[in-house]
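The block underneath contains the structure these notes are about, expressed in structure tokens.
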Amino acid sequence: MDSVVCAYEGTREYSPDDAGKFNLVLCGNATVLHLMVPENSSIQTFADLAGKNVGVSNGVMSQYYFPMLLEAYGMTADQMNITNLALQDMCDGMADGTFDAIFHVVGVGSGPISDLAVTTGIRFLPLSDDICAKVRETNPYWDVDVVPAGSYEQTEDTQTLSTTIALIASVDCPDQVVYDMLKMILENPDEITAIHSISGE
């Protein structure tokens with residue numbers, strides 16, 4: 001949803017010339033900030049990452065989301081050793097001890113993270129009410145959310161932030177195309193869930 005809002009307003013990586021050229025069709029599941037450390041790590045909060053080796057996933061996480069968290073905590077990227085990688089590479093790096101913490105945004109139930117939880121053991125860093133409020137003050141398209149207990153072998157809910165997946169259509173898209181797409185989605189929840197459980201939400 002953050003990309004949708006910024007695209008519609010022509011801000012961030014989007015041109016003002018392209019603002020307002022699409023319509024929101026449907027909102028789907030949440031993509032959740034996963035802030036992970038090894039299960040036995042001494043790191044308890046994001047603020048403890050100073051001087052640590054941190055993996056941050058490529059794309060929007062490294063470009064926009066991680067800087068958003070740094071700003072909320074009053075920290076800068078040069079206070080830690082950051083490497084940008086794909087999720088599987090970060091999970092491999094945490095398993096072999098290369099990373100003290102890794103950060104990714106994805107729907108709860110990610111395969112590589114689930115595998116890491118089983119083979120290595122992970123713990124999620126919580127985002128406090130104050131930090132969530134700071135982020136949402138300037139980024140209102142983020143929601144306070146949780147990584148639910150049991151999602152990755154953990155015993156407690158962990159508070160975090162999420163943003164919603166959205167289906168959009170060009171303002172030039174025929175109404176019938178939008179109707180047919182929505183009809184297919186809404187009338188076939190079992191088939192869609194069979195493709196991926198998160199998409200069925």
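Residues are referred to by chain and number: the chain letter is A, B, ... according to the order shown in the structure tokens, the number counts from 1 in that chain, and ligands are numbered separately from 1 in the order shown.
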
Rows by chain and residue number, range 9-101 of chain A within 12 Å of range 184-196 of chain A, shortest pair, only C-alpha atoms, as CSV:
residue,atom,partner,partner_atom,distance
A:Val25,CA,A:Ile185,CA,11.6
A:Leu26,CA,A:Ile185,CA,9.9
A:Cys27,CA,A:Ile185,CA,11.6
A:Gly28,CA,A:Ile185,CA,10.6
A:Asn29,CA,A:His196,CA,11.4

Please give the complete set of residues from chain A that DSSP, run on the backbone, assigns to helix (DSSP H, G or I), formatted as a PyMOL selection string.
-> chain A and resi 2-9+16-18+46-49+60-73+77-79+87-95+111-119+129-138+175-187+189-195+197-200

Sorted per-residue table, range 54-151 of chain A near range 161-180 of chain A, closest atoms and distance, 6 Å, only C-alpha atoms, as a Markdown table:
| residue | atom | partner | partner_atom | distance |
| --- | --- | --- | --- | --- |
| A:Trp142 | CA | A:Thr163 | CA | 5.0 |
| A:Asp143 | CA | A:Ser162 | CA | 5.3 |
| A:Val144 | CA | A:Leu161 | CA | 4.7 |
| A:Asp145 | CA | A:Leu161 | CA | 5.1 |

Selected residues written out, N, CA, C and O atoms, as a short mmCIF file (atom, residue, chain, number, x, y, z; two decimals), in the first residue's frame:
data_model
loop_
_atom_site.label_atom_id
_atom_site.label_comp_id
_atom_site.auth_asym_id
_atom_site.auth_seq_id
_atom_site.Cartn_x
_atom_site.Cartn_y
_atom_site.Cartn_z
N TRP A 142 1.25 2.29 6.91
CA TRP A 142 1.70 1.16 7.71
C TRP A 142 0.71 0.90 8.83
O TRP A 142 0.14 1.82 9.41
N ASP A 143 0.52 -0.38 9.16
CA ASP A 143 -0.38 -0.79 10.24
C ASP A 143 0.41 -1.49 11.34
O ASP A 143 1.39 -2.20 11.05
N VAL A 144 -0.02 -1.31 12.58
CA VAL A 144 0.54 -2.09 13.67
C VAL A 144 0.03 -3.52 13.52
O VAL A 144 -1.16 -3.75 13.31
N ASP A 145 0.92 -4.48 13.61
CA ASP A 145 0.57 -5.88 13.35
C ASP A 145 1.37 -6.77 14.28
O ASP A 145 2.14 -6.27 15.13
#

By how many Å are CA of Tyr65 in chain A and CA of Asp18 in chain A apart?
->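 About the pair CA of Tyr65 in chain A and CA of Asp18 in chain A: they are 22.9 Å apart.
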
With only C-alpha atoms counted and 7 Å as the cut-off, give the residues of range 85-146 of chain A in contact with range 34-42 of chain A, each with its shortest interatomic distance in Å and the pair that gives it, as CSV.
residue,atom,partner,partner_atom,distance
A:Asp100,CA,A:Val37,CA,6.1
A:Ala101,CA,A:Val37,CA,4.5
A:Ile102,CA,A:Met36,CA,5.3
A:Phe103,CA,A:Leu35,CA,4.8
A:His104,CA,A:His34,CA,5.3
A:Val105,CA,A:His34,CA,5.8
A:Gly121,CA,A:Glu39,CA,5.0
A:Ile122,CA,A:Glu39,CA,4.2
A:Arg123,CA,A:Glu39,CA,4.8
A:Phe124,CA,A:Met36,CA,4.6
A:Leu125,CA,A:Leu35,CA,5.4

Option closest in space to Leu87 in chain A, from A:Met61, A:Val4, A:Val135, A:Val118 [counting only C-alpha atoms] = A:Met61

Excluding same-chain residues fewer than 2 positions from Pro148 in chain A, what lies within 6 Å of it counting only C-alpha atoms, as a list of chain:residue names?
->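 My reading of the contact set: A:Val146, A:Ser151, A:Asp157.
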
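Using only C-alpha atoms, the nearest neighbour of Lys134 in chain A within the list A:Val60, A:Met80, A:Ala72, A:Ala95 is A:Ala72.
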